[in-house]
There are 2 protein chains.
Amino acid sequence: MTTTPSNLTPSPRDAYDDEHFDADLAAEIIASCLERGDSATLTNWFAEGLAVDIADALDRLQPAQLAAALLLIPVDEQASIFGYLPLGRQTQLVAGMSRAAVISLLERMSSDERADLFNTLPAGREAILPALAQAQREDIRKLASYEKGSVGAIMNSQYATLTPELTVAEAIDELRRVAPDSETIYNAYVIDEQRRLVGVTTLRRLILMPATTRVGEMMKSNPVTAFVDDEQSLAAEKIARYDFIALPVIDRQRQMVGIVTADDAMDVMEDEVTEDFQKSGGSLGAWPLRMKDATIGLLYRKRVFWLVLLVFANIFSGAGIAHFEELIAANVALVFFLPLLIDSGGNAGSQSATLMVRALATGDVHMRDWASMLGRELLVAALLGLTMAIAVSALGVVRAGPTIALVVALTMQIVVIVGSLIGMSLPFLLSHFKADPAAASSPLITTIADASGIFIYFAIASQVLPGLASA
Amino acid sequence: MTTTPSNLTPSPRDAYDDEHFDADLAAEIIASCLERGDSATLTNWFAEGLAVDIADALDRLQPAQLAAALLLIPVDEQASIFGYLPLGRQTQLVAGMSRAAVISLLERMSSDERADLFNTLPAGREAILPALAQAQREDIRKLASYEKGSVGAIMNSQYATLTPELTVAEAIDELRRVAPDSETIYNAYVIDEQRRLVGVTTLRRLILMPATTRVGEMMKSNPVTAFVDDEQSLAAEKIARYDFIALPVIDRQRQMVGIVTADDAMDVMEDEVTEDFQKSGGSLGAWPLRMKDATIGLLYRKRVFWLVLLVFANIFSGAGIAHFEELIAANVALVFFLPLLIDSGGNAGSQSATLMVRALATGDVHMRDWASMLGRELLVAALLGLTMAIAVSALGVVRAGPTIALVVALTMQIVVIVGSLIGMSLPFLLSHFKADPAAASSPLITTIADASGIFIYFAIASQVLPGLASA
């Protein structure tokens, strides 16, 4: 599409330009190579390409094409490509593989991805366990047992450990020895006889040290850790804060049980952001699937609850208006400004809520800051309300005369302050009751601000208008 | 606060519990140590503590305390702690330092942070350049010159290069030699005589290879790169996609000029998410400061434009209502349902927009998917609208009789479909015109959905009601 191939046979390599990898184009080229029986081109690319790109291209193939392509990939590479395929696709593929092929694949996959895949296999999956080596068998059982959302569920059991009495030269040899089975050897974890974590060091520090120095003398003590039953987001935050490649995981006896790698932490953070984003937008709850794959039924179910709830919440607004029926009948011009006024309160509130939800999520603002934030928000909202009141009063005079313009301006000032206070306080309130502040969505705030806006509007109007209207 | 100190003198170490570091508590302890003249406790912690924690605690001190504390930190550590302080605080500190101290600090800082600090120094900053070594001088000039938002502005010029003819043993020696001046030695970049990037390798691969293998034989060719004038987000996406520790940066002559590290890429992504989040909430634009530090004036200026704009956009809603004045006067009960109906369209639209904005941002959905998304959204919205119409018609019959209930239910069905279509299409439309899809904020969609909702409502009412009302 972008680069011209140097030879006449197109290769999936041609799907790269300087900026991007075009997985759709690569998939087309793979399909046409398979059709022509040109396995040389494919074998070449599978050997030199990046696993995530290969997985992305393969994921776009038909099941039969995918199965044929997989046969051209060496089994070691297969394992790392497998980890990048969506879990549903992995399960589907495994269903078509021989028992021996599944076992050889599981043996080579990284421990966290292996446990995930194992968990999705159909009933009877226990039957393949005896065929695996004992250590892998225990590893799968252990990793597959941690609760969803816990650090244990994303951790990896393939890490490098050292002991304090090793020399630096011995430590480097040990890292070299365990490298094929380790997720990373750039961080090494120093443990005592009870497997308790006593220190960490890095390959960088090791290769800079004299060969005879003892690991115990050059390691960093008091390492930052996560507990295996901590929430994933806690581990992800520590990795982001300290710029770690990996974070050691310990159990409550402080024994080392695994590591969380930076790339898995990034995935956790991305999912959290998506969830916050969707809650704020009023969709309530996270989407387990990619948007493209979501079915109509799922989209409906996820959205309908919240929308219908808001319909019933709006009964308050309706009741408020019914209460002022006569006033409205006598001053229909009041209705002109109704959408404007209630929108403005909701809009100001949405702004405040958005700022607070994100500030709470990034740790920029804490629960204890509520009072100081409140004072500042009051001032900002008063200024915003004043500006908007001036803007709207010009409009009001032209449309409905000075009296109604006054009512509208006054209402605007109050509605913006009330909306802002609701918007900024709701995230704190939710956080206080251990709920997710991101549930303070724009639709929720709009609905609350509406009901109060209507009441404020007609209450002011009924104070100002009757006397003047009869005069 | 959480742990009991093992000795009687409190140390900033006591500010750690298992889960968190309490920077406020650490700052208090530092202040009291300084007051008592207990520099031993502080020196200890500054030597063993993590740079980001130390910076966080120092940032909470008074300027005089901070200056006193800095004197206790070895100059090499100072440089890394400095990089974690907010830029404003760095500038403030440098203003109080001697010229010699500033120069020794700049010499030790990492190249990207050094260039950032240099850019914030007051006029006359060029005067300190001659005191620096020539290489650093040129480095500062070059890095400080890249445009904000470009890869060049966040890249680091301290990376390890190798040449293809080196043996593996020579390469490891070379990495050891350059380690003190390199951001990372886990990735090494292989360049030719023109400094063009021809391959990459890792320290892991190097220590696993036989000592006499040539780098040119074991390196990976065709490395993934970013251009120095690319947008930062592009480099960040590549690092996240490929789980890189660092990404090499080349100029348009394909010469290697720097690296972007994973931690800097994470910062870029976090800023982008915050920006998207705030745009979606209708606050328009990013917040350059932390929320806690934002002044009232800044908060006002950032929010007022958007709110006033929406006030004027609401003129359409008002005009719509004015057009149906007589109808409303004759059927005041219609007003009861006005907030409910216009909110529902806005709410459904906000949901759609939120899902689309995030799906476009994560690359889950692309421009070309618009048509297929549209069909599905139409179906989902029709189902949602039907459900909500049924919910509201029960309410309508009780409140205002069967005729108005019919009008309300019909309007609800249409308003939800229209709102959803606006919500899902606007992000695509903005993206098509190279604007940020995240600008499709809830307030904007609410306002557009309102104007159309009002028109739909009264148009249907005027068709159904006059005949029946006169009957």
# chains A, B, ... in the order shown; residues from 1 in each chain; ligands from 1

$ interface_residues --of "chain B" --to "chain A" --cutoff "6 Å" --atoms "only C-alpha atoms" --output "number ranges by chain"
B: 243, 263, 281-283, 296, 300, 308, 314, 318, 321, 329, 336, 340, 347, 350-351, 354, 380, 388, 443

$ select_by_dssp --residues "range 119-327 of chain A" --states "helix (DSSP H, G or I)" --output "JSON, numbers by chain"
{"A": [119, 120, 125, 126, 127, 128, 129, 130, 131, 134, 135, 136, 137, 138, 139, 140, 141, 142, 143, 151, 152, 153, 154, 168, 169, 170, 171, 172, 173, 174, 175, 176, 177, 178, 179, 180, 181, 203, 204, 205, 206, 207, 208, 215, 216, 217, 218, 232, 233, 234, 235, 236, 237, 238, 239, 240, 241, 242, 262, 263, 264, 265, 266, 267, 268, 269, 270, 271, 272, 273, 274, 275, 276, 277, 278, 279, 280, 291, 292, 293, 296, 297, 298, 299, 300, 301, 302, 303, 304, 305, 306, 307, 308, 309, 310, 311, 312, 313, 315, 316, 317, 318, 319, 320, 321, 322, 323, 325, 326, 327]}

$ atom_distance --atom1 "CA of Leu406 in chain A" --atom2 "CA of Ala459 in chain A"
13.4 Å

$ atom_distance --atom1 "CA of Glu193 in chain B" --atom2 "CA of Ser150 in chain B"
26.8 Å

$ atom_distance --atom1 "CA of Ala246 in chain A" --atom2 "CA of Val260 in chain A"
5.5 Å

$ select_by_dssp --residues "range 197-304 of chain A" --states "strand (DSSP E)" --output "number ranges by chain"
A: 197-202, 226-227, 246-250, 256-261

$ write_last_selection --atoms "all heavy atoms" --output "compact mmCIF listing (two decimals), in the first residue's frame"
# COMPACT_ATOMS: atom_id res chain seq x y z
N LEU A 197 12.11 -12.52 50.31
CA LEU A 197 12.82 -11.54 49.48
C LEU A 197 13.63 -10.61 50.38
O LEU A 197 13.07 -9.94 51.25
CB LEU A 197 11.79 -10.73 48.68
CG LEU A 197 12.32 -9.70 47.70
CD1 LEU A 197 13.06 -10.39 46.56
CD2 LEU A 197 11.17 -8.86 47.15
N VAL A 198 14.95 -10.57 50.18
CA VAL A 198 15.78 -9.71 51.03
C VAL A 198 16.42 -8.55 50.26
O VAL A 198 16.93 -7.62 50.87
CB VAL A 198 16.88 -10.52 51.76
CG1 VAL A 198 16.25 -11.49 52.76
CG2 VAL A 198 17.76 -11.26 50.77
N GLY A 199 16.37 -8.61 48.94
CA GLY A 199 16.98 -7.53 48.17
C GLY A 199 16.75 -7.71 46.68
O GLY A 199 16.23 -8.74 46.25
N VAL A 200 17.08 -6.66 45.92
CA VAL A 200 17.01 -6.76 44.45
C VAL A 200 18.30 -6.21 43.88
O VAL A 200 18.99 -5.40 44.51
CB VAL A 200 15.84 -5.94 43.84
CG1 VAL A 200 14.51 -6.53 44.22
CG2 VAL A 200 15.94 -4.49 44.21
N THR A 201 18.63 -6.66 42.68
CA THR A 201 19.71 -6.01 41.96
C THR A 201 19.38 -6.09 40.47
O THR A 201 18.35 -6.67 40.09
CB THR A 201 21.08 -6.63 42.27
OG1 THR A 201 22.10 -5.77 41.73
CG2 THR A 201 21.22 -8.03 41.68
N THR A 202 20.21 -5.43 39.66
CA THR A 202 19.94 -5.41 38.23
C THR A 202 21.15 -5.95 37.49
O THR A 202 22.28 -5.91 38.01
CB THR A 202 19.67 -3.98 37.74
OG1 THR A 202 20.85 -3.19 37.97
CG2 THR A 202 18.49 -3.35 38.45
N ALA A 226 4.74 -5.95 45.91
CA ALA A 226 3.28 -6.01 46.02
C ALA A 226 2.94 -7.35 46.64
O ALA A 226 3.69 -8.32 46.49
CB ALA A 226 2.64 -5.88 44.65
N PHE A 227 1.81 -7.42 47.36
CA PHE A 227 1.34 -8.69 47.87
C PHE A 227 0.53 -9.40 46.79
O PHE A 227 -0.13 -8.74 45.97
CB PHE A 227 0.47 -8.50 49.12
CG PHE A 227 1.26 -8.17 50.34
CD1 PHE A 227 1.18 -6.91 50.92
CD2 PHE A 227 2.10 -9.11 50.91
CE1 PHE A 227 1.92 -6.60 52.05
CE2 PHE A 227 2.85 -8.81 52.04
CZ PHE A 227 2.75 -7.55 52.62
N ALA A 246 10.04 -4.64 36.27
CA ALA A 246 9.19 -5.65 36.90
C ALA A 246 9.13 -5.37 38.40
O ALA A 246 10.02 -4.73 38.95
CB ALA A 246 9.76 -7.05 36.65
N LEU A 247 8.05 -5.83 39.02
CA LEU A 247 7.84 -5.62 40.46
C LEU A 247 7.73 -7.00 41.12
O LEU A 247 6.95 -7.84 40.66
CB LEU A 247 6.53 -4.84 40.66
CG LEU A 247 6.08 -4.56 42.09
CD1 LEU A 247 6.94 -3.48 42.72
CD2 LEU A 247 4.62 -4.15 42.12
N PRO A 248 8.51 -7.25 42.19
CA PRO A 248 8.41 -8.56 42.84
C PRO A 248 7.12 -8.70 43.64
O PRO A 248 6.64 -7.73 44.23
CB PRO A 248 9.63 -8.59 43.76
CG PRO A 248 9.97 -7.17 44.02
CD PRO A 248 9.55 -6.40 42.80
N VAL A 249 6.55 -9.90 43.64
CA VAL A 249 5.30 -10.18 44.35
C VAL A 249 5.60 -11.16 45.48
O VAL A 249 6.26 -12.18 45.26
CB VAL A 249 4.25 -10.78 43.39
CG1 VAL A 249 2.94 -11.03 44.12
CG2 VAL A 249 4.05 -9.88 42.19
N ILE A 250 5.11 -10.86 46.68
CA ILE A 250 5.34 -11.73 47.84
C ILE A 250 4.00 -12.15 48.43
O ILE A 250 2.97 -11.51 48.20
CB ILE A 250 6.19 -11.03 48.92
CG1 ILE A 250 5.53 -9.72 49.38
CG2 ILE A 250 7.60 -10.76 48.41
CD1 ILE A 250 6.24 -9.01 50.52
N MET A 256 8.78 -14.87 48.24
CA MET A 256 8.62 -14.41 46.86
C MET A 256 7.84 -15.43 46.05
O MET A 256 8.13 -16.63 46.09
CB MET A 256 10.00 -14.20 46.25
CG MET A 256 9.95 -13.83 44.80
SD MET A 256 11.02 -12.46 44.41
CE MET A 256 10.50 -12.17 42.70
N VAL A 257 6.81 -14.98 45.32
CA VAL A 257 5.99 -15.90 44.54
C VAL A 257 5.90 -15.55 43.06
O VAL A 257 5.43 -16.36 42.27
CB VAL A 257 4.56 -16.02 45.12
CG1 VAL A 257 4.57 -16.74 46.46
CG2 VAL A 257 3.90 -14.65 45.26
N GLY A 258 6.33 -14.35 42.67
CA GLY A 258 6.21 -14.00 41.26
C GLY A 258 6.67 -12.59 40.98
O GLY A 258 7.14 -11.89 41.88
N ILE A 259 6.54 -12.19 39.71
CA ILE A 259 6.80 -10.80 39.33
C ILE A 259 5.64 -10.32 38.45
O ILE A 259 4.98 -11.11 37.79
CB ILE A 259 8.12 -10.62 38.54
CG1 ILE A 259 8.14 -11.52 37.28
CG2 ILE A 259 9.32 -10.89 39.41
CD1 ILE A 259 9.29 -11.23 36.34
N VAL A 260 5.40 -9.01 38.50
CA VAL A 260 4.51 -8.38 37.52
C VAL A 260 5.40 -7.56 36.61
O VAL A 260 6.22 -6.77 37.08
CB VAL A 260 3.47 -7.48 38.19
CG1 VAL A 260 2.63 -6.75 37.15
CG2 VAL A 260 2.57 -8.29 39.10
N THR A 261 5.29 -7.77 35.28
CA THR A 261 6.15 -7.04 34.35
C THR A 261 5.48 -5.73 33.91
O THR A 261 4.27 -5.57 33.99
CB THR A 261 6.46 -7.89 33.11
OG1 THR A 261 5.22 -8.32 32.55
CG2 THR A 261 7.29 -9.10 33.47

$ residues_around --residues "Ile191 in chain B" --least-positions-apart "3" --cutoff "7 Å" --atoms "only C-alpha atoms" --output "list in words"
Thr161, Leu162, Thr163, Arg195, Arg196, Leu197 and Val198 of chain B

$ write_last_selection --atoms "N, CA, C and O atoms" --output "tab-separated table (two decimals), in the first residue's frame"
chain	number	residue	atom	x	y	z
B	161	THR	N	25.74	2.62	21.61
B	161	THR	CA	25.83	2.16	20.22
B	161	THR	C	26.96	1.15	20.07
B	161	THR	O	27.94	1.17	20.80
B	162	LEU	N	26.77	0.25	19.11
B	162	LEU	CA	27.78	-0.76	18.78
B	162	LEU	C	27.99	-0.70	17.28
B	162	LEU	O	27.21	-0.06	16.56
B	163	THR	N	29.02	-1.36	16.80
B	163	THR	CA	29.20	-1.50	15.35
B	163	THR	C	29.16	-2.99	15.01
B	163	THR	O	29.49	-3.83	15.85
B	195	ARG	N	26.56	6.64	10.96
B	195	ARG	CA	25.65	6.66	12.11
B	195	ARG	C	24.23	6.26	11.72
B	195	ARG	O	23.27	6.58	12.42
B	196	ARG	N	24.04	5.58	10.60
B	196	ARG	CA	22.70	5.09	10.26
B	196	ARG	C	22.41	3.82	11.05
B	196	ARG	O	23.30	2.96	11.19
B	197	LEU	N	21.21	3.70	11.54
B	197	LEU	CA	20.83	2.57	12.38
B	197	LEU	C	20.64	1.33	11.50
B	197	LEU	O	19.81	1.34	10.59
B	198	VAL	N	21.40	0.28	11.77
B	198	VAL	CA	21.26	-0.94	10.94
B	198	VAL	C	20.72	-2.14	11.72
B	198	VAL	O	20.34	-3.14	11.13
